[in-house]
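Note sheet for the following structure.
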Amino acid sequence: MAGILDSVNQRTQLVGQNRLELLLFKLNGRQRFGINVFKVKEVLQCPRLTGLPQRNTMVKGVANIRGQTISIIDLSKSMGGRPIEQTENSFVIISEYNRSVQGFLVNSVERIINVNWESILPPPKGAGRLNYMTAVTEIDGELVEILDVEKILDEIAPVKTTVNAEIVEQVSHLNTERQKPILIADDSSVARRQIQKTMATLGLECIVAENGKLALNKLREMAATGPISEQLSMVISDVEMPEMDGYTLTAEIRNDPALKDLYVILHTSLSGVFNKALVEKVGANNFIAKFHPDELASAVKQAL
């Protein structure tokens with residue numbers, strides 16, 4: 001286990017090639033789950049946890065890890081399942097989402113697998129944990145669920161979605177009533193809602209797509225009816241999405257003569273210098289880490 005993530009820093013070449021690596025783990029039961037390796041900082045045996053008064057019931061406790069106090073979230077309980085009781089035999093996945101570091105308590109950690117985003121599919125309708133899934137894939141003949149961690153974290157500690165009044169005032173001077181809609185591509189229902197609320201505050205309309213492939217299809221359909229510049233002002237895209245990631249979507253936009261001039265903002269919970277380098281590689285106009293409404297609003301103002 002100690003060496004399971006030793007080579008994570010050497011895996012960044014996968015980003016931008018419509019590929020990803022998943023760390024597989026289990027909660028209570030046989031079902032496998034996956035988390036993007038790029039969001040994982042460390043995997044360790046569950047350390048001694050300290051309880052805190054008035055903490056969220058989904059938080060098992062806090063642990064001091066390498067000098068940092070980190071909340072440890074019972075991932076099973078947070079999705080409505082049975083809590084993980086035997087912490088001494090469990091593991092903690094230390095991850096970084098949306099500018100914050102947290103630990104996810106899991107029963108066991110298996111291995112890292114390399115997959116193509118095209119094999120990552122939207123969750124099937126009627127799935128039991130549909131509200132907490134953004135995608136599924138098949139590994140060794142079994143279904144692996146990829147969780148909507150942004151939704152889980154938002155239920156535990158909702159993020160601020162209001163925009164600074166000064167920025168709203170600045171955007172209002174741009175005559176938003178005459179601005180064209182913005183296309184949002186994101187597989188997380190929470191992220192889509194956050195972006196839409198921010199855009200609504202600015203007086204801007206949104207068109208929504210649940211992944212990169214659907215977004216590209218929508219763009220091409222619109223371009224077939226007339227110049228895309230007369231229909232959209234920009235695209236705000238997540239990076240991690242089923243079937244087609246945001247980097248590939250951006251590259252496809254730049255390679256399509258009818259779409260190539262669209263303004264593209266990549267908006268992602270991934271962190272790391274390699275992401276910013278890929279903005280230039282694929283031709284995106286801007287890159288913003290989730291989720292800070294003022295920064296997103298400022299980026300949109302700049303684009304407009």
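Starting from 1 in every chain, residues are counted up; chains themselves are A, B, ... following the order of the structure tokens, and ligands are numbered from 1 as listed.
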
Q | Contact residues around Ala215 (chain A) with only C-alpha atoms at 9 Å, ignoring same-chain residues under 6 positions, as JSON, numbers by chain | A | {"A": [183, 184, 185, 208, 209, 237, 249]}

Q | Residue set, region 127-267 of chain A restricted to helix (DSSP H, G or I), as a PyMOL selection string | A | chain A and resi 130-132+149-156+165-172+176-178+189-201+212-223+228-230+246-255

Please list as a tab-separated table (two decimals) with N, CA and C atoms, in the first residue's frame every residue within 10 Å of Asn28 (chain A), counting only C-alpha atoms and excluding residues in the same chain fewer than 6 positions away.
chain	number	residue	atom	x	y	z
A	75	LEU	N	-17.30	7.92	3.85
A	75	LEU	CA	-17.86	7.99	2.50
A	75	LEU	C	-19.11	7.14	2.35
A	76	SER	N	-19.15	6.00	3.05
A	76	SER	CA	-20.32	5.13	2.96
A	76	SER	C	-21.55	5.81	3.58
A	77	LYS	N	-21.38	6.34	4.76
A	77	LYS	CA	-22.50	6.99	5.46
A	77	LYS	C	-22.98	8.23	4.70
A	81	GLY	N	-25.40	4.93	3.12
A	81	GLY	CA	-25.11	3.54	3.43
A	81	GLY	C	-24.77	3.34	4.89
A	82	ARG	N	-24.38	2.11	5.23
A	82	ARG	CA	-23.98	1.82	6.61
A	82	ARG	C	-22.64	2.49	6.91
A	83	PRO	N	-22.49	3.05	8.09
A	83	PRO	CA	-21.20	3.66	8.44
A	83	PRO	C	-20.11	2.60	8.54
A	84	ILE	N	-18.88	3.01	8.32
A	84	ILE	CA	-17.73	2.13	8.46
A	84	ILE	C	-17.33	2.15	9.93
A	85	GLU	N	-17.48	1.02	10.61
A	85	GLU	CA	-17.28	0.98	12.06
A	85	GLU	C	-15.83	0.69	12.45
A	106	VAL	N	-12.54	4.67	3.79
A	106	VAL	CA	-13.02	3.57	2.96
A	106	VAL	C	-12.60	2.26	3.60
A	107	ASN	N	-13.28	1.19	3.22
A	107	ASN	CA	-12.99	-0.10	3.84
A	107	ASN	C	-11.69	-0.70	3.33
A	108	SER	N	-11.47	-0.61	1.99
A	108	SER	CA	-10.26	-1.17	1.42
A	108	SER	C	-9.90	-0.44	0.14

Q) Pick from A:Ile73, A:Ala297, A:Met133, A:Val62: nearest to Thr198 (chain A), with only C-alpha atoms counted? A) A:Ala297

Could you list, as a PDB file with C-alpha atoms, in the first residue's frame, every residue within 9 Å of Val300 (chain A), counting only C-alpha atoms and ignoring same-chain residues fewer than 4 positions away?
ATOM      1  CA  VAL A 171     -20.964  43.159 -15.499  1.00  0.00           C
ATOM      2  CA  MET A 199     -24.444  33.338 -14.142  1.00  0.00           C
ATOM      3  CA  MET A 234     -18.534  31.282 -24.522  1.00  0.00           C
ATOM      4  CA  ILE A 265     -12.984  28.555 -19.901  1.00  0.00           C
ATOM      5  CA  GLU A 295     -13.229  34.407  -9.763  1.00  0.00           C
ATOM      6  CA  LEU A 296     -15.630  32.722 -12.179  1.00  0.00           C
ATOM      7  CA  LEU A 304     -17.441  39.414 -22.419  1.00  0.00           C
TER       8      LEU A 304
END
